file input.txt (compact mmCIF, C-alpha atoms and all ligand atoms)
# COMPACT_ATOMS: atom_id res chain seq x y z
CA HIS A 186 8.60 4.43 -24.15
CA PRO A 187 7.79 2.90 -27.56
CA THR A 188 8.09 4.96 -30.72
CA LEU A 189 4.93 6.96 -31.10
CA PRO A 190 2.99 6.57 -34.34
CA GLN A 191 2.37 9.78 -36.27
CA PHE A 192 -1.27 10.69 -36.57
CA PRO A 193 -1.89 12.97 -39.52
CA ASN A 194 -4.78 14.69 -37.78
CA ALA A 195 -3.35 14.89 -34.28
CA PRO A 196 -4.04 16.33 -31.82
CA LYS A 197 -7.66 17.26 -32.48
CA THR A 198 -8.89 13.80 -33.40
CA THR A 199 -7.08 11.85 -30.72
CA LEU A 200 -8.89 11.39 -27.42
CA GLY A 201 -6.83 10.83 -24.27
CA LEU A 202 -7.89 8.08 -21.87
CA VAL A 203 -6.44 7.49 -18.42
CA GLY A 204 -6.85 3.82 -17.50
CA GLY A 205 -6.68 0.59 -19.46
CA GLY A 206 -9.49 -1.63 -18.14
CA GLN A 207 -12.54 -3.05 -19.88
CA LEU A 208 -14.47 0.21 -19.62
CA GLY A 209 -11.60 1.83 -21.49
CA ARG A 210 -11.65 -0.91 -24.12
CA MET A 211 -15.35 -0.39 -24.84
CA PHE A 212 -14.77 3.38 -24.87
CA VAL A 213 -12.01 2.89 -27.46
CA HIS A 214 -14.27 0.78 -29.67
CA GLU A 215 -17.01 3.41 -29.67
CA ALA A 216 -14.57 6.30 -30.14
CA GLN A 217 -13.06 4.55 -33.13
CA ALA A 218 -16.51 3.86 -34.57
CA LEU A 219 -17.08 7.61 -34.45
CA GLY A 220 -13.81 8.23 -36.30
CA PHE A 221 -11.58 9.19 -33.38
CA LYS A 222 -8.25 7.77 -32.39
CA VAL A 223 -7.51 7.04 -28.74
CA ALA A 224 -4.31 7.25 -26.74
CA VAL A 225 -4.32 5.29 -23.48
CA LEU A 226 -2.19 5.95 -20.41
CA GLU A 227 -1.86 2.65 -18.53
CA PRO A 228 1.05 1.04 -16.67
CA GLU A 229 0.08 -2.56 -17.51
CA ALA A 230 1.50 -4.05 -20.72
CA ALA A 231 -1.45 -5.72 -22.47
CA SER A 232 -4.48 -4.21 -20.78
CA PRO A 233 -7.95 -4.52 -22.35
CA ALA A 234 -7.99 -0.88 -23.52
CA ALA A 235 -4.37 -0.73 -24.66
CA GLN A 236 -4.96 -3.74 -26.93
CA ALA A 237 -7.62 -1.78 -28.78
CA ALA A 238 -6.14 1.74 -28.56
CA ASP A 239 -4.28 3.52 -31.37
CA LEU A 240 -1.53 4.45 -28.97
CA HIS A 241 -0.48 3.05 -25.61
CA ILE A 242 1.64 5.18 -23.31
CA GLN A 243 2.89 2.67 -20.78
CA ALA A 244 3.37 4.65 -17.59
CA ALA A 245 1.81 5.09 -14.16
CA TYR A 246 -1.32 7.27 -13.90
CA ASP A 247 0.68 9.88 -12.02
CA ASP A 248 3.87 9.67 -14.11
CA ALA A 249 4.74 13.25 -15.13
CA GLN A 250 6.37 12.20 -18.38
CA GLY A 251 3.50 9.89 -19.28
CA LEU A 252 0.94 12.62 -18.65
CA GLN A 253 3.02 15.03 -20.70
CA GLN A 254 3.15 12.56 -23.59
CA LEU A 255 -0.60 12.09 -23.44
CA ALA A 256 -1.03 15.86 -23.55
CA GLN A 257 1.25 16.01 -26.60
CA TYR A 258 -1.19 13.87 -28.57
CA CYS A 259 -4.53 14.89 -27.15
CA SER A 260 -6.42 18.01 -26.17
CA THR A 261 -9.45 16.22 -24.70
CA PHE A 262 -9.19 13.70 -21.88
CA THR A 263 -11.29 11.30 -19.90
CA THR A 264 -10.87 8.46 -17.44
CA GLU A 265 -12.34 5.00 -17.18
CA PHE A 266 -12.06 4.31 -13.46
CA GLU A 267 -12.57 6.49 -10.44
CA ASN A 268 -9.36 5.89 -8.60
CA VAL A 269 -7.15 7.73 -11.06
CA PRO A 270 -5.32 10.38 -9.01
CA ALA A 271 -7.40 13.56 -9.21
CA ALA A 272 -4.07 15.45 -9.42
CA SER A 273 -3.37 13.75 -12.78
CA LEU A 274 -6.68 15.00 -14.17
CA ALA A 275 -5.92 18.47 -12.81
CA LYS A 276 -2.53 18.34 -14.56
CA LEU A 277 -4.15 17.40 -17.89
CA ALA A 278 -6.65 20.24 -17.43
CA GLU A 279 -3.74 22.68 -17.69
CA THR A 280 -3.38 21.85 -21.38
CA GLY A 281 -6.80 20.60 -22.46
CA PHE A 282 -10.40 19.77 -21.63
CA VAL A 283 -10.95 17.04 -19.04
CA ALA A 284 -14.36 15.40 -18.69
CA PRO A 285 -15.34 14.65 -16.00
CA SER A 286 -13.30 17.25 -14.12
CA ALA A 287 -10.87 16.43 -11.31
CA ALA A 288 -13.25 18.14 -8.86
CA CYS A 289 -16.18 15.91 -9.87
CA VAL A 290 -14.08 12.74 -9.83
CA SER A 291 -12.72 13.50 -6.38
CA ILE A 292 -16.23 13.70 -4.90
CA ALA A 293 -16.94 10.19 -6.18
CA GLN A 294 -13.57 8.93 -4.90
CA ASP A 295 -14.50 9.54 -1.29
CA ARG A 296 -17.64 8.13 0.32
CA ILE A 297 -17.64 10.96 2.86
CA GLU A 298 -17.63 13.69 0.22
CA GLU A 299 -20.10 11.72 -1.87
CA LYS A 300 -22.58 11.38 0.99
CA ALA A 301 -22.13 15.07 1.90
CA PHE A 302 -22.91 15.95 -1.73
CA PHE A 303 -26.05 13.77 -1.77
CA THR A 304 -27.16 15.25 1.57
CA ARG A 305 -26.57 18.82 0.40
CA CYS A 306 -28.70 18.16 -2.69
CA ALA A 307 -31.44 16.30 -0.79
CA PRO A 308 -33.72 19.37 -0.55
CA GLN A 309 -33.79 19.33 -4.38
CA THR A 310 -33.77 15.57 -5.01
CA GLY A 311 -35.86 14.40 -2.06
CA ILE A 312 -33.43 11.46 -1.63
CA LEU A 313 -30.96 10.94 1.23
CA PRO A 314 -28.03 8.53 1.63
CA ALA A 315 -28.22 5.75 4.24
CA PRO A 316 -27.87 6.87 7.88
CA HIS A 317 -24.13 6.78 8.58
CA ALA A 318 -21.27 7.88 10.80
CA ILE A 319 -17.80 9.00 9.78
CA LEU A 320 -14.94 7.19 11.52
CA ARG A 321 -11.60 8.96 11.27
CA SER A 322 -10.08 7.68 14.49
CA GLU A 323 -10.78 5.41 17.48
CA ALA A 324 -12.23 8.34 19.35
CA ASP A 325 -15.10 8.56 16.86
CA LEU A 326 -16.29 5.06 17.85
CA ALA A 327 -17.66 6.42 21.13
CA GLN A 328 -20.03 8.71 19.21
CA VAL A 329 -21.58 5.93 17.10
CA SER A 330 -25.32 5.61 17.67
CA ASP A 331 -26.79 2.17 18.44
CA ASP A 332 -29.27 2.88 15.72
CA LEU A 333 -26.59 2.20 13.06
CA PHE A 334 -26.40 -1.54 13.95
CA PRO A 335 -26.39 -3.92 12.24
CA GLY A 336 -24.23 -1.92 9.86
CA ILE A 337 -21.66 -2.06 7.10
CA LEU A 338 -18.22 -0.61 7.66
CA LYS A 339 -16.83 0.73 4.38
CA THR A 340 -13.46 2.29 3.71
CA ALA A 341 -14.02 5.90 2.64
CA ARG A 342 -11.72 5.51 -0.35
CA MET A 343 -10.72 2.87 -2.91
CA GLY A 344 -13.66 0.49 -2.36
CA TYR A 345 -15.25 -1.34 -5.30
CA ASP A 346 -17.08 -4.63 -5.97
CA GLY A 347 -17.77 -4.96 -2.24
CA LYS A 348 -14.06 -4.75 -1.38
CA GLY A 349 -13.11 -2.85 1.76
CA GLN A 350 -16.45 -3.68 3.43
CA VAL A 351 -17.17 -5.50 6.68
CA ARG A 352 -20.60 -6.26 8.11
CA VAL A 353 -20.79 -5.55 11.85
CA LYS A 354 -23.57 -6.48 14.25
CA ASN A 355 -22.56 -4.40 17.25
CA ILE A 356 -20.03 -1.94 18.64
CA ASP A 357 -17.56 -4.71 19.61
CA GLU A 358 -17.48 -6.09 16.09
CA LEU A 359 -17.13 -2.54 14.79
CA ARG A 360 -14.19 -1.87 17.11
CA LEU A 361 -12.44 -5.02 15.90
CA ALA A 362 -13.14 -4.40 12.21
CA PHE A 363 -12.05 -0.76 12.43
CA ALA A 364 -8.82 -1.73 14.23
CA GLN A 365 -8.06 -4.33 11.54
CA LEU A 366 -8.27 -1.62 8.88
CA LYS A 367 -5.41 0.13 10.73
CA GLY A 368 -6.34 3.76 10.81
CA VAL A 369 -8.01 3.98 7.40
CA VAL A 370 -10.84 6.53 7.36
CA CYS A 371 -14.18 4.72 7.17
CA VAL A 372 -17.91 5.17 7.02
CA LEU A 373 -20.30 3.05 9.07
CA GLU A 374 -23.61 2.68 7.28
CA LYS A 375 -26.82 1.32 8.70
CA MET A 376 -27.75 -1.97 7.03
CA LEU A 377 -30.98 -1.24 5.18
CA PRO A 378 -33.81 -3.65 4.27
CA LEU A 379 -33.38 -3.56 0.49
CA ALA A 380 -36.22 -4.61 -1.78
CA TYR A 381 -34.10 -4.19 -4.90
CA GLU A 382 -31.26 -2.08 -6.33
CA ILE A 383 -31.34 0.25 -9.33
CA SER A 384 -28.93 2.51 -11.11
CA VAL A 385 -29.50 5.61 -13.17
CA LEU A 386 -27.14 6.50 -15.96
CA VAL A 387 -27.02 10.18 -16.93
CA ALA A 388 -24.87 12.12 -19.34
CA ARG A 389 -24.28 15.83 -19.65
CA GLY A 390 -22.52 17.97 -22.21
CA ALA A 391 -20.42 21.06 -21.56
CA ASP A 392 -23.38 23.13 -22.80
CA GLY A 393 -25.55 21.81 -19.96
CA GLN A 394 -27.66 19.53 -22.17
CA ALA A 395 -28.36 16.30 -20.25
CA VAL A 396 -29.96 12.94 -20.96
CA VAL A 397 -31.06 10.14 -18.68
CA TYR A 398 -31.25 6.43 -19.55
CA PRO A 399 -33.99 4.03 -18.45
CA ILE A 400 -33.79 2.61 -14.91
CA ALA A 401 -31.51 -0.44 -14.68
CA GLU A 402 -32.26 -3.05 -12.02
CA ASN A 403 -29.18 -4.70 -10.56
CA VAL A 404 -28.61 -7.97 -8.74
CA HIS A 405 -25.31 -8.35 -6.89
CA ARG A 406 -23.62 -11.55 -5.74
CA ASP A 407 -20.85 -11.36 -3.16
CA GLY A 408 -20.72 -7.59 -3.65
CA ILE A 409 -20.18 -7.88 -7.43
CA LEU A 410 -22.76 -7.03 -10.06
CA PHE A 411 -24.34 -10.25 -11.34
CA THR A 412 -27.14 -9.13 -13.66
CA THR A 413 -28.68 -5.90 -14.92
CA THR A 414 -32.25 -6.04 -16.22
CA VAL A 415 -33.83 -3.26 -18.28
CA PRO A 416 -36.67 -2.40 -18.09
CA SER A 417 -36.56 -2.90 -14.33
CA PRO A 418 -39.12 -5.56 -13.38
CA HIS A 419 -39.79 -3.96 -9.98
CA VAL A 420 -39.47 -0.20 -10.16
CA SER A 421 -42.66 1.84 -9.86
CA ALA A 422 -43.30 4.72 -12.23
CA GLU A 423 -43.04 7.04 -9.25
CA ALA A 424 -39.64 5.74 -8.06
CA ALA A 425 -38.35 5.78 -11.65
CA LEU A 426 -39.30 9.41 -12.15
CA LYS A 427 -37.96 10.41 -8.74
CA THR A 428 -34.52 8.81 -9.24
CA GLN A 429 -34.17 10.00 -12.85
CA ASN A 430 -35.00 13.57 -11.80
CA ALA A 431 -32.59 13.27 -8.87
CA ALA A 432 -29.82 12.10 -11.22
CA LEU A 433 -30.42 15.09 -13.51
CA LYS A 434 -30.33 17.51 -10.54
CA LEU A 435 -27.14 15.95 -9.16
CA ILE A 436 -25.25 15.99 -12.47
CA ALA A 437 -26.17 19.64 -13.07
CA ASP A 438 -25.34 20.73 -9.53
CA ILE A 439 -21.63 19.96 -9.92
CA ASN A 440 -21.47 21.03 -13.57
CA TYR A 441 -20.43 17.50 -14.49
CA VAL A 442 -19.50 16.72 -18.11
CA GLY A 443 -19.66 13.13 -19.33
CA VAL A 444 -21.40 9.94 -18.22
CA LEU A 445 -22.28 9.49 -14.55
CA CYS A 446 -23.91 6.47 -12.93
CA ILE A 447 -25.81 6.78 -9.66
CA GLU A 448 -26.79 3.73 -7.60
CA PHE A 449 -29.97 3.75 -5.53
CA PHE A 450 -31.53 1.33 -3.05
CA VAL A 451 -35.28 0.83 -3.02
CA LEU A 452 -36.29 -0.30 0.46
CA GLN A 453 -39.01 -2.71 1.44
CA ASP A 454 -41.33 0.18 2.38
CA GLY A 455 -40.89 1.63 -1.13
CA SER A 456 -38.68 4.54 -0.07
CA VAL A 457 -35.53 5.39 -2.02
CA VAL A 458 -31.98 5.88 -0.73
CA VAL A 459 -29.00 7.06 -2.79
CA ASN A 460 -25.96 4.78 -2.40
CA GLU A 461 -23.00 5.91 -4.49
CA MET A 462 -21.97 7.27 -7.86
CA ALA A 463 -19.37 6.35 -10.45
CA PRO A 464 -17.86 9.21 -12.48
CA ARG A 465 -17.68 7.20 -15.72
CA PRO A 466 -19.55 4.63 -17.76
CA HIS A 467 -20.64 1.82 -15.43
CA ASN A 468 -20.97 -1.96 -15.48
CA SER A 469 -24.75 -1.61 -15.10
CA GLY A 470 -24.77 0.50 -18.30
CA HIS A 471 -23.13 -2.09 -20.55
CA TYR A 472 -26.56 -3.08 -21.82
CA THR A 473 -26.73 0.27 -23.66
CA ILE A 474 -24.19 -1.00 -26.23
CA ASP A 475 -26.63 -3.56 -27.57
CA ALA A 476 -30.03 -2.30 -26.46
CA CYS A 477 -29.97 1.50 -26.89
CA VAL A 478 -29.58 3.88 -29.80
CA THR A 479 -26.53 5.46 -28.16
CA SER A 480 -24.30 3.45 -25.83
CA GLN A 481 -22.88 4.90 -22.64
CA PHE A 482 -19.42 4.83 -24.24
CA ALA A 483 -20.51 6.65 -27.39
CA GLN A 484 -22.21 9.15 -25.08
CA GLN A 485 -18.93 9.69 -23.20
CA VAL A 486 -17.16 10.37 -26.50
CA ARG A 487 -19.87 12.81 -27.58
CA ALA A 488 -19.83 14.66 -24.24
CA MET A 489 -16.06 15.08 -24.07
CA ALA A 490 -15.75 16.06 -27.74
CA GLY A 491 -18.47 18.71 -27.56
CA LEU A 492 -20.79 16.81 -29.92
CA PRO A 493 -24.54 16.63 -29.40
CA LEU A 494 -25.59 13.86 -27.03
CA GLY A 495 -27.24 10.84 -28.64
CA ASP A 496 -30.69 9.38 -28.21
CA VAL A 497 -30.94 7.18 -25.10
CA ARG A 498 -33.94 5.24 -26.40
CA GLN A 499 -33.87 1.51 -25.61
CA HIS A 500 -34.98 -0.55 -28.60
CA SER A 501 -35.01 -4.04 -27.01
CA PRO A 502 -35.68 -5.42 -23.56
CA CYS A 503 -32.49 -6.96 -22.20
CA VAL A 504 -30.60 -8.69 -19.44
CA MET A 505 -26.87 -8.24 -18.99
CA LEU A 506 -24.97 -11.09 -17.34
CA ASN A 507 -21.48 -10.48 -16.02
CA ILE A 508 -18.86 -13.13 -16.76
CA LEU A 509 -16.41 -13.63 -13.94
CA GLY A 510 -13.19 -15.63 -14.06
CA ASP A 511 -14.74 -18.36 -11.86
CA ILE A 512 -16.26 -20.13 -14.88
CA TRP A 513 -12.77 -20.91 -16.19
CA PHE A 514 -12.31 -23.24 -13.21
CA ASP A 515 -13.77 -26.63 -12.42
CA GLY A 516 -12.47 -27.05 -8.89
CA GLU A 517 -8.71 -26.61 -9.35
CA ARG A 518 -8.77 -27.58 -13.03
CA GLU A 519 -8.77 -24.85 -15.69
CA ILE A 520 -11.41 -25.23 -18.39
CA GLN A 521 -12.68 -23.33 -21.44
CA PRO A 522 -16.24 -21.98 -21.14
CA ALA A 523 -18.60 -23.37 -23.80
CA TRP A 524 -18.97 -20.20 -25.84
CA ASP A 525 -20.28 -22.14 -28.84
CA LYS A 526 -23.29 -23.25 -26.79
CA VAL A 527 -23.86 -19.76 -25.38
CA LEU A 528 -23.66 -18.18 -28.82
CA ALA A 529 -26.27 -20.64 -30.11
CA LEU A 530 -28.81 -18.75 -27.95
CA PRO A 531 -30.45 -16.31 -30.37
CA SER A 532 -30.50 -13.31 -28.02
CA ALA A 533 -26.92 -13.61 -26.73
CA HIS A 534 -24.42 -10.89 -27.55
CA LEU A 535 -21.04 -11.83 -26.09
CA HIS A 536 -18.37 -9.31 -25.08
CA LEU A 537 -14.97 -10.56 -23.87
CA TYR A 538 -12.41 -8.09 -22.60
CA GLY A 539 -9.18 -9.69 -23.78
CA LYS A 540 -7.78 -10.37 -20.31
CA ALA A 541 -4.97 -12.91 -20.58
CA GLU A 542 -5.54 -14.55 -17.23
CA ALA A 543 -8.81 -15.72 -15.72
CA ARG A 544 -8.99 -15.26 -11.96
CA ARG A 545 -11.85 -15.87 -9.58
CA ALA A 546 -14.10 -12.80 -9.11
CA ARG A 547 -12.31 -11.03 -11.99
CA LYS A 548 -14.59 -9.42 -14.58
CA MET A 549 -13.71 -11.17 -17.87
CA GLY A 550 -16.65 -10.15 -20.03
CA HIS A 551 -20.40 -9.89 -20.20
CA ILE A 552 -23.30 -11.18 -22.27
CA THR A 553 -26.25 -9.02 -23.19
CA PHE A 554 -29.42 -10.92 -23.98
CA ILE A 555 -31.48 -8.76 -26.32
CA ALA A 556 -34.84 -10.21 -27.21
CA PRO A 557 -38.30 -9.19 -28.42
CA SER A 558 -39.57 -9.74 -24.86
CA LEU A 559 -37.95 -9.43 -21.46
CA GLU A 560 -39.20 -12.95 -20.64
CA GLN A 561 -37.20 -14.40 -23.52
CA ALA A 562 -34.08 -12.45 -22.56
CA GLN A 563 -34.43 -13.67 -18.97
CA ALA A 564 -35.02 -17.29 -20.05
CA GLU A 565 -31.94 -17.29 -22.27
CA MET A 566 -29.87 -15.70 -19.53
CA GLN A 567 -30.91 -18.61 -17.27
CA GLN A 568 -29.96 -21.07 -20.01
CA ALA A 569 -26.54 -19.42 -20.33
CA CYS A 570 -26.02 -19.73 -16.57
CA GLN A 571 -26.76 -23.46 -16.85
CA ILE A 572 -24.34 -23.85 -19.76
CA LEU A 573 -21.54 -21.91 -18.06
CA GLY A 574 -22.10 -23.55 -14.67
P1 LIG B 1 -19.08 -0.86 -3.95
O1 LIG B 1 -18.30 0.40 -4.09
O2 LIG B 1 -18.23 -2.02 -3.61
O3 LIG B 1 -20.02 -1.09 -5.11
P2 LIG B 1 -21.51 -0.40 -2.41
O4 LIG B 1 -21.64 0.67 -1.40
O5 LIG B 1 -22.26 -0.20 -3.68
O6 LIG B 1 -19.96 -0.62 -2.65
O7 LIG B 1 -21.94 -1.78 -1.76
C1 LIG B 1 -21.96 -3.00 -2.48
C2 LIG B 1 -23.28 -3.72 -2.27
O8 LIG B 1 -23.47 -4.02 -0.88
C3 LIG B 1 -24.50 -2.92 -2.66
O9 LIG B 1 -24.77 -3.01 -4.05
C4 LIG B 1 -25.58 -3.56 -1.79
O10 LIG B 1 -26.01 -4.79 -2.34
C5 LIG B 1 -24.84 -3.86 -0.51
N1 LIG B 1 -24.97 -2.72 0.43
C6 LIG B 1 -24.14 -1.66 0.51
N2 LIG B 1 -24.54 -0.79 1.46
C7 LIG B 1 -25.66 -1.30 2.00
C8 LIG B 1 -26.55 -0.86 3.04
N3 LIG B 1 -26.35 0.29 3.71
N4 LIG B 1 -27.60 -1.66 3.35
C9 LIG B 1 -27.80 -2.83 2.70
N5 LIG B 1 -27.00 -3.28 1.72
C10 LIG B 1 -25.94 -2.54 1.35
MG MG B 2 -21.74 -0.10 -5.67
call {"tool": "encode", "arguments": {"input": "input.txt", "output": "structure tokens"}}
result
Amino acid sequence: HPTLPQFPNAPKTTLGLVGGGQLGRMFVHEAQALGFKVAVLEPEAASPAAQAADLHIQAAYDDAQGLQQLAQYCSTFTTEFENVPAASLAKLAETGFVAPSAACVSIAQDRIEEKAFFTRCAPQTGILPAPHAILRSEADLAQVSDDLFPGILKTARMGYDGKGQVRVKNIDELRLAFAQLKGVVCVLEKMLPLAYEISVLVARGADGQAVVYPIAENVHRDGILFTTTVPSPHVSAEAALKTQNAALKLIADINYVGVLCIEFFVLQDGSVVVNEMAPRPHNSGHYTIDACVTSQFAQQVRAMAGLPLGDVRQHSPCVMLNILGDIWFDGEREIQPAWDKVLALPSAHLHLYGKAEARRARKMGHITFIAPSLEQAQAEMQQACQILG
């Protein structure tokens, strides 16, 4: 391990972060803006968050010595991705305050637990998950109802950005797809006729105070978030209220502390289905950095540090465009995106995550278009897409 810098005010003013990705980097920036230092536990050498952090402990997320070092510097901890071992968060909770808790994170880590949680709360929220079946072994295939086809087979754990998902039209395709996953526990979900997708960002403090952000409307491409538009062009006042209230009920039910993002589907008949939740700031909440009084990352800092939550008011209509590694490639040739042209658009606010290598489908950054009108933000987003190709 490298020599650790001495912080005069440690440990109270140093926040502990497990994970070194872009969400961590943006968390670090906001924590530092609020006067905190951040120590990051991350095995990779030059990760986005470690580049920005005050201290990088380079060790695996479940490395006992690494966790112990983090605990030496910090008394308050959080995470920036959901697949951090829940046991690591439980370990940190022995010496300090962990937000969100290991128990809350582990619900979101497992689609089966997540759907059971949504179903249990449905009498309060009025919103159910998609019809589904749990597939633990071959034997469970015989029980699958025809009504679930066409469907989507999803691994119960470790799925993100559409990874670990196979679309299946019938039981034969399901059999084949399930066999190819070699005994991994899965969920088969009925394919639903989506009209559009939304997400609801909520935050809750340890004192039970909670706030909910405006509805974000999300467009995915190849299973990866492409754009987020706020205010949502499609959501009805009724669906907005229903999902925001549901998010507040869900976050309170599990005594969650920190930022939580819940994804919903709105179907063609106008009904609402709850899809999944992320126990952390979320890609669809990046717009809050530029368009809201308090960003989702500042809110995470406030929640974990026991500070009052900030105002969620949105001050400008906006569109967030994700930047994937694909735009660094012209066929096989590597190119530099024309950032000068993008930055000439008056509403463009560019965020790059400091990743050394561009790869296809890898999240490299995002641009938030913040304009006096949503139409202008949308038009400039289209222009940026043309420029970047
Ligand atoms: P991930 O963890 O990869 O984000 P999701 O469950 O959110 O997985 O699925 C990714 C995307 O696939 C969704 O945003 C949606 O566009 C589509 N999708 C997922 N489940 C369904 C479904 N049951 N019916 C229709 N589309 C779905
Ligand atoms: Mg999703």
call {"tool": "closest_atom_pairs", "arguments": {"input": "input.txt", "of": "range 462-484 of chain A", "to": "range 275-297 of chain A", "cutoff": "8 Å", "atoms": "all atoms listed in the file", "output": "Markdown table"}}
result
| residue | atom | partner | partner_atom | distance |
| --- | --- | --- | --- | --- |
| A:Met462 | CA | A:Ala293 | CA | 6.1 |
| A:Ala463 | CA | A:Ala293 | CA | 6.2 |
| A:Pro464 | CA | A:Val290 | CA | 5.8 |
| A:Arg465 | CA | A:Pro285 | CA | 7.8 |
call {"tool": "residues_near_point", "arguments": {"input": "input.txt", "point": "(-42.4, -1.6, -11.0)", "cutoff": "12 Å", "atoms": "all atoms listed in the file", "output": "list in words"}}
result
Ala380, Tyr381, Ile383, Ile400, Ala401, Glu402, Val415, Pro416, Ser417, Pro418, His419, Val420, Ser421, Ala422, Glu423, Ala424, Ala425, Leu426, Val451 and Gly455 of chain A
call {"tool": "residues_around", "arguments": {"input": "input.txt", "residues": "Leu492 in chain A", "least_positions_apart": "3", "cutoff": "12 Å", "atoms": "all atoms listed in the file", "output": "PyMOL selection string"}}
result
chain A and resi 219+389-392+394+442-443+483-489+495
call {"tool": "closest_atom_pairs", "arguments": {"input": "input.txt", "of": "range 514-555 of chain A", "to": "range 230-244 of chain A", "cutoff": "10 Å", "atoms": "only C-alpha atoms", "output": "JSON lines"}}
result
{"residue": "A:Leu537", "atom": "CA", "partner": "A:Pro233", "partner_atom": "CA", "distance": 9.4}
{"residue": "A:Tyr538", "atom": "CA", "partner": "A:Pro233", "partner_atom": "CA", "distance": 5.7}
{"residue": "A:Gly539", "atom": "CA", "partner": "A:Pro233", "partner_atom": "CA", "distance": 5.5}
{"residue": "A:Lys540", "atom": "CA", "partner": "A:Pro233", "partner_atom": "CA", "distance": 6.2}
{"residue": "A:Ala541", "atom": "CA", "partner": "A:Ala231", "partner_atom": "CA", "distance": 8.2}
{"residue": "A:Met549", "atom": "CA", "partner": "A:Pro233", "partner_atom": "CA", "distance": 9.9}
call {"tool": "axis_aligned_box", "arguments": {"input": "input.txt", "around": "range 374-385 of chain A", "padding_each_side": "4 Å", "output": "AutoDock Vina command-line options"}}
result
--center_x -29.9 --center_y 0.5 --center_z -2.2 --size_x 20.6 --size_y 18.2 --size_z 29.9
call {"tool": "closest_residue", "arguments": {"input": "input.txt", "among": "A:Gln250, A:Ser260, A:Ser384, A:Thr414", "to": "Val457 in chain A", "atoms": "only C-alpha atoms"}}
result
A:Ser384
call {"tool": "residues_near_ligand", "arguments": {"input": "input.txt", "ligand": "ligand MG 2 (chain B)", "cutoff": "7 Å", "atoms": "all atoms listed in the file", "output": "number ranges by chain"}}
result
A: 345-346, 448, 461
call {"tool": "residues_near_ligand", "arguments": {"input": "input.txt", "ligand": "ligand LIG 1 (chain B)", "cutoff": "6 Å", "atoms": "only C-alpha atoms and all ligand atoms", "output": "short mmCIF file (atom, residue, chain, number, x, y, z; two decimals) with C-alpha atoms, in the frame of the given file"}}
result
data_model
loop_
_atom_site.label_atom_id
_atom_site.label_comp_id
_atom_site.auth_asym_id
_atom_site.auth_seq_id
_atom_site.Cartn_x
_atom_site.Cartn_y
_atom_site.Cartn_z
CA ALA A 315 -28.22 5.75 4.24
CA GLY A 344 -13.66 0.49 -2.36
CA TYR A 345 -15.25 -1.34 -5.30
CA ASP A 346 -17.08 -4.63 -5.97
CA GLY A 347 -17.77 -4.96 -2.24
CA LYS A 348 -14.06 -4.75 -1.38
CA GLU A 374 -23.61 2.68 7.28
CA LYS A 375 -26.82 1.32 8.70
CA MET A 376 -27.75 -1.97 7.03
CA LEU A 377 -30.98 -1.24 5.18
CA HIS A 405 -25.31 -8.35 -6.89
CA GLY A 408 -20.72 -7.59 -3.65
#
call {"tool": "atom_distance", "arguments": {"input": "input.txt", "atom1": "CA of Leu528 in chain A", "atom2": "CA of Gly516 in chain A"}}
result
24.5 Å
call {"tool": "closest_residue", "arguments": {"input": "input.txt", "among": "A:Gly574, A:Gly205, A:Pro493, A:Gly311", "to": "Val527 in chain A", "atoms": "only C-alpha atoms"}}
result
A:Gly574
call {"tool": "closest_residue", "arguments": {"input": "input.txt", "among": "A:Gly201, A:Gly349, A:Pro378, A:Pro557", "to": "Leu366 in chain A", "atoms": "all atoms listed in the file"}}
result
A:Gly349
call {"tool": "residues_around", "arguments": {"input": "input.txt", "residues": "range 358-364 of chain A", "least_positions_apart": "5", "cutoff": "9 Å", "atoms": "only C-alpha atoms", "output": "JSON list (two decimals) with C-alpha atoms, keeping the file's coordinate frame"}}
result
[["chain", "number", "residue", "atom", "x", "y", "z"],
["A", 320, "LEU", "CA", -14.94, 7.19, 11.52],
["A", 322, "SER", "CA", -10.08, 7.68, 14.49],
["A", 323, "GLU", "CA", -10.78, 5.41, 17.48],
["A", 326, "LEU", "CA", -16.29, 5.06, 17.85],
["A", 336, "GLY", "CA", -24.23, -1.92, 9.86],
["A", 337, "ILE", "CA", -21.66, -2.06, 7.10],
["A", 338, "LEU", "CA", -18.22, -0.61, 7.66],
["A", 351, "VAL", "CA", -17.17, -5.50, 6.68],
["A", 352, "ARG", "CA", -20.60, -6.26, 8.11],
["A", 353, "VAL", "CA", -20.79, -5.55, 11.85],
["A", 369, "VAL", "CA", -8.01, 3.98, 7.40],
["A", 370, "VAL", "CA", -10.84, 6.53, 7.36],
["A", 371, "CYS", "CA", -14.18, 4.72, 7.17],
["A", 373, "LEU", "CA", -20.30, 3.05, 9.07]]
call {"tool": "atom_distance", "arguments": {"input": "input.txt", "atom1": "CA of Asp325 in chain A", "atom2": "CA of Lys354 in chain A"}}
result
17.5 Å
call {"tool": "closest_residue", "arguments": {"input": "input.txt", "among": "A:Met566, A:Cys446, A:Ile474, A:Ala431", "to": "Ile312 in chain A", "atoms": "only C-alpha atoms"}}
result
A:Ala431
call {"tool": "atom_distance", "arguments": {"input": "input.txt", "atom1": "CA of Lys300 in chain A", "atom2": "CA of Gln328 in chain A"}}
result
18.6 Å
call {"tool": "closest_residue", "arguments": {"input": "input.txt", "among": "A:Val213, A:Ala341, A:Ala546, A:Ala388", "to": "Asp496 in chain A", "atoms": "all atoms listed in the file"}}
result
A:Ala388
call {"tool": "closest_residue", "arguments": {"input": "input.txt", "among": "A:Leu435, A:Ala218, A:Ile512, A:Ala543", "to": "Cys306 in chain A", "atoms": "all atoms listed in the file"}}
result
A:Leu435
call {"tool": "residues_around", "arguments": {"input": "input.txt", "residues": "Trp513 in chain A", "least_positions_apart": "4", "cutoff": "9 Å", "atoms": "all atoms listed in the file", "output": "list in words"}}
result
Leu509, Arg518, Glu519, Ile520, Gln521, Pro522, Ala543, Arg544 and Arg545 of chain A
